[in-house]
Each structure stands twice: as C-alpha cells, then as structure tokens.
$ cat data.csv   # CSV, C-alpha atoms
chain,number,residue,atom,x,y,z
A,781,MET,CA,102.2,136.2,116.8
A,782,GLY,CA,104.6,138.7,115.2
A,783,GLN,CA,105.7,138.3,111.6
A,784,ARG,CA,109.0,136.7,112.6
A,785,ASN,CA,107.1,134.2,114.9
A,786,VAL,CA,104.6,133.5,112.1
A,787,ASN,CA,107.4,132.7,109.7
A,788,ASP,CA,109.2,130.6,112.3
A,789,PHE,CA,105.9,128.7,113.1
A,790,GLU,CA,105.3,128.1,109.4
A,791,LYS,CA,108.7,126.7,108.9
A,792,ARG,CA,108.3,124.4,111.9
A,793,LEU,CA,104.9,123.3,110.6
A,794,LYS,CA,106.3,122.5,107.2
A,795,ASP,CA,109.3,120.6,108.6
A,796,ALA,CA,107.0,118.5,110.9
A,797,LEU,CA,104.6,117.6,108.0
A,798,ASP,CA,107.4,116.9,105.5
A,799,LEU,CA,107.9,113.3,106.2
A,800,PRO,CA,110.9,111.8,104.4
A,801,VAL,CA,109.9,109.5,101.5
A,802,ASP,CA,112.1,107.0,99.9
A,803,PRO,CA,112.0,107.8,96.1
A,804,ALA,CA,111.9,104.0,95.3
A,805,LEU,CA,108.6,103.8,97.2
A,806,VAL,CA,106.7,106.0,94.8
A,807,GLU,CA,108.2,104.0,91.9
A,808,SER,CA,107.0,100.7,93.5
A,809,LEU,CA,103.4,102.1,93.8
A,810,LEU,CA,103.0,102.9,90.1
A,811,PRO,CA,100.4,100.7,88.4
A,812,PRO,CA,101.8,97.7,86.6
A,813,ALA,CA,102.5,98.4,82.9
A,814,GLU,CA,99.8,96.0,81.9
A,815,ALA,CA,97.0,97.7,83.9
A,816,ALA,CA,94.2,98.6,81.5
A,817,THR,CA,92.8,102.1,81.2
A,818,THR,CA,89.2,103.1,80.4
A,819,SER,CA,87.6,105.6,78.0
A,820,SER,CA,88.2,109.2,78.7
A,821,SER,CA,84.9,110.9,78.1
A,822,PRO,CA,81.3,110.4,77.1
A,823,TRP,CA,82.2,111.5,73.6
A,824,ARG,CA,84.9,109.0,73.5
A,825,GLY,CA,82.5,106.3,74.7
A,826,TRP,CA,80.1,107.1,71.9
A,827,ALA,CA,82.9,107.1,69.4
A,828,ILE,CA,84.0,103.7,70.5
A,829,ALA,CA,80.5,102.4,70.4
A,830,ALA,CA,80.0,103.7,66.9
A,831,GLY,CA,83.3,102.3,65.9
A,832,VAL,CA,82.5,98.9,67.2
A,833,VAL,CA,79.2,98.8,65.3
A,834,THR,CA,80.9,99.9,62.2
A,835,MET,CA,83.6,97.4,62.6
A,836,ILE,CA,81.2,94.6,63.2
A,837,GLY,CA,79.4,95.6,60.0
A,838,ALA,CA,82.7,95.6,58.2
A,839,GLY,CA,83.7,92.3,59.6
A,840,VAL,CA,86.7,93.7,61.5
A,841,LEU,CA,87.8,92.2,64.7
A,842,ALA,CA,86.6,94.7,67.3
A,843,TRP,CA,88.6,93.2,70.1
A,844,GLN,CA,91.8,94.3,68.5
A,845,LEU,CA,90.9,98.0,69.1
A,846,ALA,CA,89.4,97.4,72.6
A,847,GLY,CA,92.9,96.4,73.9
A,848,PRO,CA,92.4,93.0,75.4
A,849,PRO,CA,93.8,92.5,78.9
A,850,PRO,CA,97.0,90.6,79.2
A,851,ALA,CA,97.1,86.8,79.5
A,852,VAL,CA,96.8,85.7,83.1
A,853,GLU,CA,100.2,84.1,82.9
A,854,ASP,CA,101.8,87.4,81.7
A,855,TYR,CA,99.9,89.3,84.4
A,856,VAL,CA,101.0,87.0,87.2
A,857,ARG,CA,104.6,87.1,86.2
A,858,ASP,CA,104.7,90.9,85.8
A,859,HIS,CA,102.7,91.6,88.9
A,860,TYR,CA,104.8,89.3,91.0
A,861,ARG,CA,108.0,90.8,89.7
A,862,HIS,CA,106.5,94.2,90.3
A,863,ASP,CA,105.8,93.9,94.0
A,864,GLY,CA,105.8,90.2,95.0
A,865,ALA,CA,109.1,90.5,97.0
A,866,ALA,CA,108.1,93.8,98.6
A,867,VAL,CA,104.8,92.3,99.8
A,868,LEU,CA,106.5,89.2,101.1
A,869,ALA,CA,108.9,91.4,103.0
A,870,ARG,CA,106.0,93.5,104.4
A,871,SER,CA,104.2,90.4,105.6
A,872,GLY,CA,107.1,89.7,108.0
A,873,ASN,CA,106.1,87.7,111.0
A,874,THR,CA,102.7,89.4,111.3
A,875,ALA,CA,99.3,87.8,111.0
A,876,ALA,CA,96.4,89.5,109.2
A,877,THR,CA,93.4,90.2,111.5
A,878,ALA,CA,90.0,88.9,110.7
A,879,ALA,CA,89.0,92.5,110.0
A,880,ASP,CA,91.8,92.9,107.5
A,881,ILE,CA,90.8,89.8,105.7
A,882,ALA,CA,87.1,90.7,105.8
A,883,ALA,CA,87.8,94.3,104.5
A,884,VAL,CA,89.6,93.0,101.4
A,885,LEU,CA,87.7,89.7,100.6
A,886,GLY,CA,84.4,91.3,101.5
A,887,ALA,CA,84.8,93.7,98.6
A,888,PHE,CA,84.5,90.7,96.3
A,889,ASP,CA,81.7,89.0,98.4
A,890,LEU,CA,84.1,86.5,99.6
A,891,ASP,CA,85.1,85.2,103.1
A,892,ALA,CA,88.0,83.0,104.3
A,893,ALA,CA,87.2,79.9,106.2
A,894,PRO,CA,89.1,79.6,109.5
A,895,THR,CA,91.5,77.0,108.0
A,896,LEU,CA,92.5,79.6,105.4
A,897,ALA,CA,92.2,82.7,107.5
A,898,GLY,CA,94.5,81.3,110.1
A,899,GLN,CA,97.3,81.2,107.6
A,900,VAL,CA,97.0,84.6,106.1
A,901,ALA,CA,99.9,86.7,107.2
A,902,PHE,CA,99.2,89.7,105.0
A,903,ILE,CA,96.4,90.8,102.6
A,904,LYS,CA,95.9,93.8,100.4
A,905,PHE,CA,94.0,94.9,97.3
A,906,CYS,CA,95.9,94.6,94.0
A,907,PRO,CA,95.2,95.3,90.3
A,908,THR,CA,94.2,92.4,88.1
A,909,PRO,CA,93.8,92.0,84.4
A,910,HIS,CA,90.0,92.8,84.7
A,911,GLY,CA,89.9,95.1,87.7
A,912,ARG,CA,91.2,94.4,91.1
A,913,GLY,CA,91.6,91.5,93.4
A,914,ALA,CA,93.3,90.4,96.6
A,915,HIS,CA,97.1,89.8,97.1
A,916,MET,CA,97.7,87.5,100.1
A,917,VAL,CA,100.7,86.0,101.7
A,918,LEU,CA,100.0,82.7,103.5
A,919,ARG,CA,102.3,81.3,106.2
A,920,THR,CA,102.8,77.6,105.4
A,921,VAL,CA,105.2,74.8,106.5
A,922,ASP,CA,107.0,75.4,103.1
A,923,GLY,CA,107.5,79.0,103.9
A,924,PRO,CA,105.5,82.0,102.7
A,925,VAL,CA,103.3,81.4,99.7
A,926,THR,CA,101.7,84.2,97.7
A,927,VAL,CA,98.1,83.9,96.5
A,928,ILE,CA,96.6,86.4,94.1
A,929,VAL,CA,92.8,86.2,93.8
A,930,MET,CA,91.4,87.5,90.6
A,931,PRO,CA,87.6,87.5,91.0
A,932,ASP,CA,86.8,88.8,87.5
A,933,THR,CA,89.5,87.0,85.5
A,934,PRO,CA,88.6,83.6,83.9
A,935,LEU,CA,91.3,81.1,83.4
A,936,GLU,CA,91.9,80.0,79.8
A,937,GLY,CA,95.5,79.1,79.2
A,938,ALA,CA,98.1,77.1,81.1
A,939,THR,CA,97.6,76.1,84.7
A,940,ARG,CA,101.2,75.9,85.7
A,941,LEU,CA,104.2,78.1,85.0
A,942,ALA,CA,107.5,78.9,86.5
A,943,PHE,CA,109.7,82.0,86.4
A,944,ASP,CA,112.7,83.3,88.4
A,945,ASP,CA,112.8,81.0,91.4
A,946,VAL,CA,109.0,80.4,91.9
A,947,VAL,CA,106.4,78.0,90.6
A,948,VAL,CA,102.9,79.1,89.9
A,949,GLU,CA,99.7,77.1,90.0
A,950,LEU,CA,96.7,78.7,88.4
A,951,LEU,CA,93.3,77.5,89.6
A,952,THR,CA,89.7,78.3,88.6
A,953,LEU,CA,87.4,79.4,91.4
A,954,PRO,CA,83.6,79.5,91.4
A,955,SER,CA,84.1,83.2,90.6
A,956,GLY,CA,87.2,84.1,88.6
A,957,SER,CA,90.5,82.5,89.3
A,958,ALA,CA,93.6,82.6,91.6
A,959,ALA,CA,97.3,82.2,91.3
A,960,VAL,CA,99.3,80.4,93.9
A,961,ILE,CA,103.0,81.4,93.8
A,962,GLY,CA,105.3,79.3,95.9
A,963,PRO,CA,108.7,77.7,96.1
A,964,ASN,CA,107.7,74.4,94.5
A,965,ALA,CA,104.8,72.5,92.9
A,966,ASP,CA,104.0,70.5,96.1
A,967,ALA,CA,103.7,73.6,98.2
A,968,ASP,CA,101.5,75.2,95.6
A,969,THR,CA,99.2,72.2,95.4
A,970,ARG,CA,98.7,72.2,99.1
A,971,VAL,CA,97.9,75.9,99.2
A,972,ALA,CA,95.7,75.6,96.1
A,973,ARG,CA,93.6,73.0,97.9
A,974,LEU,CA,93.4,75.3,100.9
A,975,VAL,CA,92.3,78.2,98.7
A,976,ARG,CA,89.7,76.1,96.9
A,977,GLU,CA,88.1,74.9,100.1
A,978,GLY,CA,88.7,78.0,102.2
A,979,LEU,CA,87.7,80.8,99.9
A,980,VAL,CA,83.9,80.9,100.2
A,981,PRO,CA,81.1,83.3,99.3
A,982,SER,CA,80.3,85.8,102.0
A,983,GLY,CA,77.9,84.6,104.6
A,984,THR,CA,78.3,80.9,103.9
A,985,GLY,CA,79.8,79.9,107.2
A,986,ALA,CA,83.4,81.2,107.3
B,689,MET,CA,100.1,102.2,70.2
B,690,VAL,CA,102.5,105.1,70.3
B,691,LYS,CA,99.7,107.2,71.7
B,692,ASP,CA,99.2,104.7,74.5
B,693,VAL,CA,102.9,104.7,75.3
B,694,ARG,CA,102.9,108.5,75.5
B,695,LYS,CA,99.9,108.5,77.6
B,696,ARG,CA,101.5,106.1,80.0
B,697,GLU,CA,104.6,108.1,80.1
B,698,GLY,CA,102.6,111.2,80.8
B,699,PHE,CA,100.8,109.5,83.7
B,700,ASP,CA,104.1,108.1,85.2
B,701,ARG,CA,105.6,111.6,85.1
B,702,LEU,CA,102.6,113.0,86.9
B,703,ALA,CA,102.6,110.2,89.4
B,704,ARG,CA,106.3,110.6,90.1
B,705,GLU,CA,105.9,114.4,90.5
B,706,HIS,CA,103.1,114.2,93.1
B,707,GLY,CA,103.7,110.7,94.5
B,708,ALA,CA,105.8,111.7,97.5
B,709,ASP,CA,103.4,114.4,98.6
B,710,LEU,CA,100.5,112.1,98.0
B,711,TYR,CA,102.1,109.4,100.2
B,712,ARG,CA,102.8,112.0,102.9
B,713,PHE,CA,99.2,113.1,102.7
B,714,ALA,CA,98.0,109.5,102.9
B,715,VAL,CA,100.2,108.8,106.0
B,716,TRP,CA,98.9,111.9,107.8
B,717,LEU,CA,95.4,111.0,106.8
B,718,CYS,CA,95.3,107.3,107.7
B,719,ARG,CA,98.2,107.4,110.2
B,720,ASP,CA,99.5,104.0,109.1
B,721,GLU,CA,102.3,103.4,106.7
B,722,VAL,CA,101.1,100.2,105.2
B,723,LEU,CA,97.6,101.5,104.7
B,724,ALA,CA,99.1,104.6,103.2
B,725,ARG,CA,101.0,102.6,100.7
B,726,ASP,CA,97.9,100.6,99.7
B,727,LEU,CA,96.0,103.8,99.5
B,728,VAL,CA,98.5,105.5,97.1
B,729,GLN,CA,98.8,102.3,95.0
B,730,GLU,CA,95.1,102.1,94.6
B,731,THR,CA,94.9,105.8,93.9
B,732,PHE,CA,97.4,105.5,91.1
B,733,LEU,CA,95.6,102.6,89.6
B,734,ARG,CA,92.3,104.4,89.6
B,735,ALA,CA,93.9,107.6,88.4
B,736,TRP,CA,95.5,105.7,85.5
B,737,ARG,CA,92.2,104.2,84.5
B,738,ALA,CA,90.6,107.6,84.5
B,739,PHE,CA,93.6,109.5,83.2
B,740,GLY,CA,91.9,110.3,79.9
B,741,ARG,CA,89.4,112.4,81.8
B,742,LEU,CA,92.0,114.7,83.2
B,743,LYS,CA,92.0,117.5,80.7
B,744,ASP,CA,94.2,120.0,82.6
B,745,GLU,CA,97.4,118.7,84.1
B,746,SER,CA,97.5,121.7,86.4
B,747,ALA,CA,94.5,120.2,88.1
B,748,ALA,CA,96.3,116.9,88.7
B,749,LYS,CA,97.0,117.5,92.4
B,750,PRO,CA,93.5,118.1,93.6
B,751,TRP,CA,92.3,115.4,91.3
B,752,LEU,CA,94.6,112.9,92.9
B,753,VAL,CA,93.6,114.1,96.4
B,754,THR,CA,90.0,113.5,95.5
B,755,ILE,CA,90.6,110.0,94.3
B,756,LEU,CA,92.7,109.2,97.4
B,757,ARG,CA,90.1,110.6,99.8
B,758,ARG,CA,87.3,108.6,98.1
B,759,GLU,CA,89.4,105.5,98.2
B,760,TYR,CA,90.2,106.1,101.9
B,761,ALA,CA,86.5,106.5,102.7
B,762,ARG,CA,85.5,103.5,100.6
B,763,THR,CA,88.2,101.1,101.6
B,764,PHE,CA,89.4,102.0,105.0
B,765,GLU,CA,86.4,103.5,106.7
B,766,ARG,CA,85.8,100.3,108.6
B,767,LYS,CA,89.4,100.3,109.9
B,768,VAL,CA,90.5,103.3,111.8
B,769,PRO,CA,94.1,102.9,112.9
B,770,PRO,CA,95.0,104.2,116.3
B,771,LEU,CA,97.1,107.3,116.9
B,772,VAL,CA,100.7,106.4,116.3
B,773,ASN,CA,104.1,107.9,116.8
B,774,LEU,CA,105.0,108.8,113.2
B,775,ASP,CA,108.7,108.2,113.8
B,776,ALA,CA,107.8,104.5,114.3
B,777,VAL,CA,106.4,104.2,110.8
B,778,VAL,CA,108.4,106.4,108.5
B,779,ILE,CA,112.1,106.4,107.5
B,780,GLU,CA,114.2,109.0,109.2
B,781,ASP,CA,115.9,111.9,107.5
B,782,ASP,CA,119.5,111.4,106.4
B,783,VAL,CA,120.4,114.6,108.2
B,784,ALA,CA,119.0,114.2,111.7
B,785,PRO,CA,118.1,117.3,113.6
B,786,GLY,CA,119.6,118.0,117.0
B,787,PRO,CA,117.8,116.6,120.1
B,788,GLY,CA,116.0,119.9,120.9
B,789,GLU,CA,114.8,120.3,117.3
B,790,ARG,CA,113.8,116.7,117.2
B,791,LEU,CA,111.8,116.9,120.4
B,792,GLU,CA,110.0,120.0,119.1
B,793,ARG,CA,109.2,118.4,115.8
B,794,ASP,CA,107.9,115.2,117.4
B,795,GLN,CA,105.7,117.3,119.7
B,796,LEU,CA,104.4,119.2,116.8
B,797,ARG,CA,103.7,116.0,114.9
B,798,GLN,CA,101.7,114.6,117.8
B,799,ARG,CA,99.8,117.8,118.1
B,800,ILE,CA,99.0,117.7,114.4
B,801,LEU,CA,97.7,114.1,114.7
B,802,ALA,CA,95.6,115.2,117.6
B,803,LEU,CA,93.9,118.0,115.7
B,804,PRO,CA,90.2,117.4,115.0
B,805,ALA,CA,89.9,116.0,111.5
B,806,ASN,CA,88.0,119.0,110.2
B,807,TYR,CA,91.0,121.2,111.0
B,808,ARG,CA,93.7,118.7,110.2
B,809,GLU,CA,92.6,117.8,106.7
B,810,PRO,CA,92.5,121.3,105.2
B,811,LEU,CA,95.8,122.0,106.9
B,812,LEU,CA,97.3,118.9,105.2
B,813,MET,CA,95.8,119.8,101.9
B,814,GLN,CA,97.4,123.2,102.1
B,815,VAL,CA,100.8,122.5,103.5
B,816,VAL,CA,101.5,119.0,102.3
B,817,MET,CA,99.7,119.0,98.9
B,818,GLY,CA,100.0,122.8,98.3
B,819,LEU,CA,96.3,123.2,97.4
B,820,SER,CA,94.7,126.7,97.3
B,821,CYS,CA,91.8,127.7,99.5
B,822,LYS,CA,89.6,127.5,96.5
B,823,GLU,CA,90.7,123.9,95.7
B,824,ILE,CA,90.4,122.8,99.3
B,825,ALA,CA,86.9,124.4,99.4
B,826,THR,CA,85.9,122.4,96.3
B,827,GLU,CA,87.4,119.2,97.8
B,828,LEU,CA,85.6,119.6,101.1
B,829,ASP,CA,82.5,121.0,99.6
B,830,ILE,CA,82.5,124.1,101.8
B,831,LYS,CA,82.9,127.8,101.2
B,832,PRO,CA,86.4,129.3,100.8
B,833,ASN,CA,85.7,131.5,103.9
B,834,ALA,CA,85.1,128.4,105.9
B,835,VAL,CA,88.3,126.9,104.7
B,836,MET,CA,90.2,130.0,105.8
B,837,THR,CA,88.5,129.8,109.2
B,838,ARG,CA,89.5,126.2,109.7
B,839,LEU,CA,93.1,126.8,108.6
B,840,PHE,CA,93.3,129.7,111.0
B,841,ARG,CA,91.9,127.7,113.9
B,842,ALA,CA,94.1,124.7,113.1
B,843,ARG,CA,97.2,127.0,113.3
B,844,GLU,CA,95.9,128.7,116.4
B,845,GLN,CA,95.4,125.4,118.2
B,846,LEU,CA,98.8,124.2,117.2
B,847,ALA,CA,100.5,127.4,118.3
B,848,ASP,CA,98.6,127.5,121.5
B,849,ARG,CA,99.5,123.9,122.4
B,850,LEU,CA,103.1,124.3,121.3
B,851,GLY,CA,103.3,127.4,123.5
B,852,LYS,CA,102.1,125.4,126.5
B,853,ASP,CA,104.5,122.5,125.7
B,854,GLU,CA,107.4,125.0,125.6
B,855,ALA,CA,106.3,126.7,128.8
B,856,ALA,CA,106.1,123.3,130.5
B,857,ALA,CA,109.5,122.4,129.2
B,858,GLU,CA,111.0,125.6,130.5
B,859,GLN,CA,109.3,125.0,133.8
B,860,ARG,CA,110.8,121.5,134.0
B,861,LEU,CA,114.2,123.0,133.1
B,862,GLY,CA,113.8,125.7,135.8
B,863,ASP,CA,112.8,123.1,138.4
B,864,ALA,CA,115.8,121.0,137.6
B,865,TYR,CA,118.1,124.0,137.8
B,866,ASP,CA,116.6,125.0,141.2
B,867,ALA,CA,117.0,121.5,142.5
B,868,GLY,CA,120.6,121.5,141.4
B,869,ASN,CA,121.2,124.8,143.2
B,870,ASP,CA,119.5,123.6,146.3
B,871,ASN,CA,121.7,120.5,146.4
B,872,GLY,CA,124.8,122.7,145.9
B,873,ALA,CA,123.8,125.0,148.7
B,874,GLU,CA,123.2,122.0,151.0
B,875,GLU,CA,126.5,120.6,150.2
B,876,ARG,CA,128.2,124.0,150.9
B,877,GLU,CA,126.4,124.1,154.2
$ encode --input "data.csv" --output "structure tokens"
Amino acid sequence: MGQRNVNDFEKRLKDALDLPVDPALVESLLPPAEAATTSSSPWRGWAIAAGVVTMIGAGVLAWQLAGPPPAVEDYVRDHYRHDGAAVLARSGNTAATAADIAAVLGAFDLDAAPTLAGQVAFIKFCPTPHGRGAHMVLRTVDGPVTVIVMPDTPLEGATRLAFDDVVVELLTLPSGSAAVIGPNADADTRVARLVREGLVPSGTGA
Amino acid sequence: MVKDVRKREGFDRLAREHGADLYRFAVWLCRDEVLARDLVQETFLRAWRAFGRLKDESAAKPWLVTILRREYARTFERKVPPLVNLDAVVIEDDVAPGPGERLERDQLRQRILALPANYREPLLMQVVMGLSCKEIATELDIKPNAVMTRLFRAREQLADRLGKDEAAAEQRLGDAYDAGNDNGAEERE
C-alpha cells in the first residue's frame, strides 16, 4: 500500500471501530456513590492494622475509621434510583436463559428453582454494600418486580420501606439477604415467597 | 472525609475520560451490547475498589483494560455470544454517512469481527484504547515484536479482504452495467 492508501485505510479502520457512545451511558455505569473502596497498598494495610490495634488499646471505636458500609435501606434506595429503571427497561419482553441465571447465581453458589427461574426476565451482577450480588427482574402478574440478592449482606434494620413509587420488602436468606422492589406490598410478598423458596444452594435440585 | 470525596472525584473524572473507549473496547471484545455494559460497570466497580493502588494516572488506560479483560475472562468465559451485526446493537451516528461509505464501514466492521482473536485484540487495544506496543505486550504477556507482527497481520488481512470485497462489488457493478447495455441493444434491434 502506498502512503496515501495507508492513511486512507487507517482512517477507515478508525471510523469503523469508533462506535458511537451515548455520553449518558458512561455516567450510568459509574459505581454508586456508596460503593466501598479497599486499602491501597500493603503499607497502607499494615498501617490500618497497626492503627486498629492502637485504637482498641486506646478504647476508640475502630469501626468509625474502617468506614462502615451503608445501611441496607440506604443502599437499596440509592442503587435502585441509580439504575433500577434502566435495568427494567433493558429487561423488555425478554426471558433470561438458564445459562444466564446459572452464570450469575452460580458465582454465589446459588441456583434458581424452576418456579423462580421461569419468571426471571433479566439478571446481571451488581454492587452491594459488602461486595457484589445479583440484580434480577422478575416477570409477574403484577408487572415487573426487581429483586436484588445480597449474598454477603446481613439484614439488621427495617424490613419494609417505600420511596418514589415503589415498595420494598427486605428478607433474610440462608446466606445474606434480598430486596424485593415492586409496585405494592402484596406483589412484594408474593415475590418474596418465591425467592425464599426458589433461591437454593447450588446442586440442591434446582 | 474530604480526602475520600476528592478520591471519588478523581476516580469519576478518570472513568468519564476513558469510559466511552472502554465501552467500545468491551463491545468489540464480547460482541454484545448488554454484556459490554455489565462488563464496564463491573470494571468500574473493581477499579474503584482498587483505585488507591493506581499510583500513576497516565497508566490508567492499560490498568482499566487489564481489569476489563480479567472480568471478561472470569465472568463471561462460559457465555460466548455469536457474531452479530454491530449496527443492531449500537446507537447510530447523528451524522449518517452516505450509502457507499456506510456499506464500506459495515463490511469493515464485519471483517474486524471475523479476525482471529489474537489479531483482533491487539488491534482494538491500539486503535480503540490507544495503547502503545509496549503496553499491549505487557497486557498480552508477549514480546513487543510479536505485538507488531500481530498488528501488521491484522491490518494485512483486513486490507486484503477489503480489496476482495471492493473487487467483487466492482464486478457486480460491471455485470449490472453490461446487462443494462445488452438489454438496450436488444431493444434497439
């Protein structure tokens, strides 16, 4: 190829690869404000450890410096406001495949029983107060209902809350907890039962 | 507290700066828009958690690519999406090219998707993410010379196939022209 052809080819290549990206998309993918960070280096780790020992000795509350994760209620509200509507929109009229469900729930050693799996329209990983979990949209007679599974997050506070135009039921699971976010309390209760019965440890008959 | 806020602001700035390219890279890598979104979201989350370990902001791009590729291998290795027409999964430019340019671009996109992964990935890292040969070599754990060879062969294959596509298009155009002339001659007779 001559120089002119090379330049022409490079331009065509760049144009072909340069897919248009909606600026709002990147914004929607940023971690939620409450997502916790971790220590930055081994030295920092040692410094924190030494600090904790010192603080215990001095009778200072170490948890204040460790930066406790947000309350589950705050996390659920902020997370749902962050991308709840976008995920609902993405779920459309699709149904998640068994492989999709296994790929996400399997990461937490969980399976969905057929009664639950049959209603999952969409599933993805999502951040949680203590790591990550699963963000699902279930297709129900009451319309789409969102379920956020938080495998490492225990439930301590309230079990119900409401914000914007949704009602949330928080439930304790054998491992961690889950939030059911739907249009009303009755719909949440039905889905909560489905989740309790249908979310089972991997390899237990799902 | 102020330090945390500044840290978060620094991360958000970095993520916004590289987010679009990272998303493009993810789409080309996994060939699925929804998976690409999840991949970038997870990459940002992991990057934020490890942000304190990034000492040099100029190394942010290869650092993000490393996280994204690891996440792709870890999360999506069991799910390999089929080859798709990218126009079906991405939003279209505001300024649409002409039909000829669009056809050319679509052909090139399909040719890029069809490249073997060991040629396609360094090409994406170079053109989409703007990584240097040295950075690509580190990322792929191969020597810089091998990167240059792969980049050369990727371009060579694309140019070769594009040349064939264009020749075939010209042939079709010529055949149509000849057919039109034949019909005209028959009508005159």
$ residues_around --input "data.csv" --residues "segment 906-920 of chain A" --least-positions-apart "2" --cutoff "7 Å" --atoms "only C-alpha atoms" --output "list in words"
Ala815, Pro849, Pro850, Tyr855, Leu868, Ser871, Val884, Leu885, Gln899, Val900, Ala901, Phe902, Ile903, Lys904, Asp922, Gly923, Pro924, Val925, Thr926, Val927, Ile928, Val929, Met930, Pro931, Asp932 and Thr933 of chain A
$ atom_distance --input "data.csv" --atom1 "atom CA of Ala825 of chain B" --atom2 "atom CA of Ala724 of chain B"
23.6 Å
$ closest_atom_pairs --input "data.csv" --of "chain B" --to "chain A" --cutoff "7 Å" --atoms "all atoms listed in the file" --output "Markdown table"
| residue | atom | partner | partner_atom | distance |
| --- | --- | --- | --- | --- |
| B:Arg704 | CA | A:Val806 | CA | 6.6 |
| B:Gly707 | CA | A:Val806 | CA | 5.6 |
| B:Ala708 | CA | A:Val801 | CA | 6.1 |
| B:Arg712 | CA | A:Leu799 | CA | 6.2 |
| B:Val728 | CA | A:Leu809 | CA | 6.8 |
| B:Gln729 | CA | A:Leu809 | CA | 4.8 |
| B:Phe732 | CA | A:Leu810 | CA | 6.3 |
| B:Leu733 | CA | A:Pro811 | CA | 5.3 |
| B:Trp736 | CA | A:Thr817 | CA | 6.2 |
| B:Arg737 | CA | A:Thr817 | CA | 4.0 |
| B:Ala738 | CA | A:Thr818 | CA | 6.2 |
| B:Gly740 | CA | A:Ser820 | CA | 4.0 |
| B:Arg741 | CA | A:Ser820 | CA | 4.6 |
| B:Ile779 | CA | A:Pro800 | CA | 6.3 |
| B:Glu780 | CA | A:Pro800 | CA | 6.5 |
| B:Asp781 | CA | A:Pro800 | CA | 5.9 |
| B:Arg793 | CA | A:Ala796 | CA | 5.4 |
| B:Leu796 | CA | A:Ala796 | CA | 6.5 |
| B:Arg797 | CA | A:Ala796 | CA | 5.8 |
| B:Val815 | CA | A:Lys794 | CA | 6.6 |
| B:Val816 | CA | A:Leu797 | CA | 6.6 |
$ write_last_selection --input "data.csv" --atoms "C-alpha atoms" --output "PDB file, keeping the file's coordinate frame"
ATOM      1  CA  ARG B 704     106.300 110.600  90.100  1.00  0.00           C
ATOM      2  CA  GLY B 707     103.700 110.700  94.500  1.00  0.00           C
ATOM      3  CA  ALA B 708     105.800 111.700  97.500  1.00  0.00           C
ATOM      4  CA  ARG B 712     102.800 112.000 102.900  1.00  0.00           C
ATOM      5  CA  VAL B 728      98.500 105.500  97.100  1.00  0.00           C
ATOM      6  CA  GLN B 729      98.800 102.300  95.000  1.00  0.00           C
ATOM      7  CA  PHE B 732      97.400 105.500  91.100  1.00  0.00           C
ATOM      8  CA  LEU B 733      95.600 102.600  89.600  1.00  0.00           C
ATOM      9  CA  TRP B 736      95.500 105.700  85.500  1.00  0.00           C
ATOM     10  CA  ARG B 737      92.200 104.200  84.500  1.00  0.00           C
ATOM     11  CA  ALA B 738      90.600 107.600  84.500  1.00  0.00           C
ATOM     12  CA  GLY B 740      91.900 110.300  79.900  1.00  0.00           C
ATOM     13  CA  ARG B 741      89.400 112.400  81.800  1.00  0.00           C
ATOM     14  CA  ILE B 779     112.100 106.400 107.500  1.00  0.00           C
ATOM     15  CA  GLU B 780     114.200 109.000 109.200  1.00  0.00           C
ATOM     16  CA  ASP B 781     115.900 111.900 107.500  1.00  0.00           C
ATOM     17  CA  ARG B 793     109.200 118.400 115.800  1.00  0.00           C
ATOM     18  CA  LEU B 796     104.400 119.200 116.800  1.00  0.00           C
ATOM     19  CA  ARG B 797     103.700 116.000 114.900  1.00  0.00           C
ATOM     20  CA  VAL B 815     100.800 122.500 103.500  1.00  0.00           C
ATOM     21  CA  VAL B 816     101.500 119.000 102.300  1.00  0.00           C
TER      22      VAL B 816
END
$ closest_residue --input "data.csv" --among "B:Leu723, B:Arg790, B:Leu811, B:Met817" --to "His706 of chain B" --atoms "all atoms listed in the file"
B:Met817
$ atom_distance --input "data.csv" --atom1 "atom CA of Ala834 of chain B" --atom2 "atom CA of Trp716 of chain B"
21.6 Å
$ residues_around --input "data.csv" --residues "Ala893 of chain A" --least-positions-apart "6" --cutoff "12 Å" --atoms "only C-alpha atoms" --output "VMD selection string"
chain A and resid 878 881 to 882 885 899 to 900 974 to 986
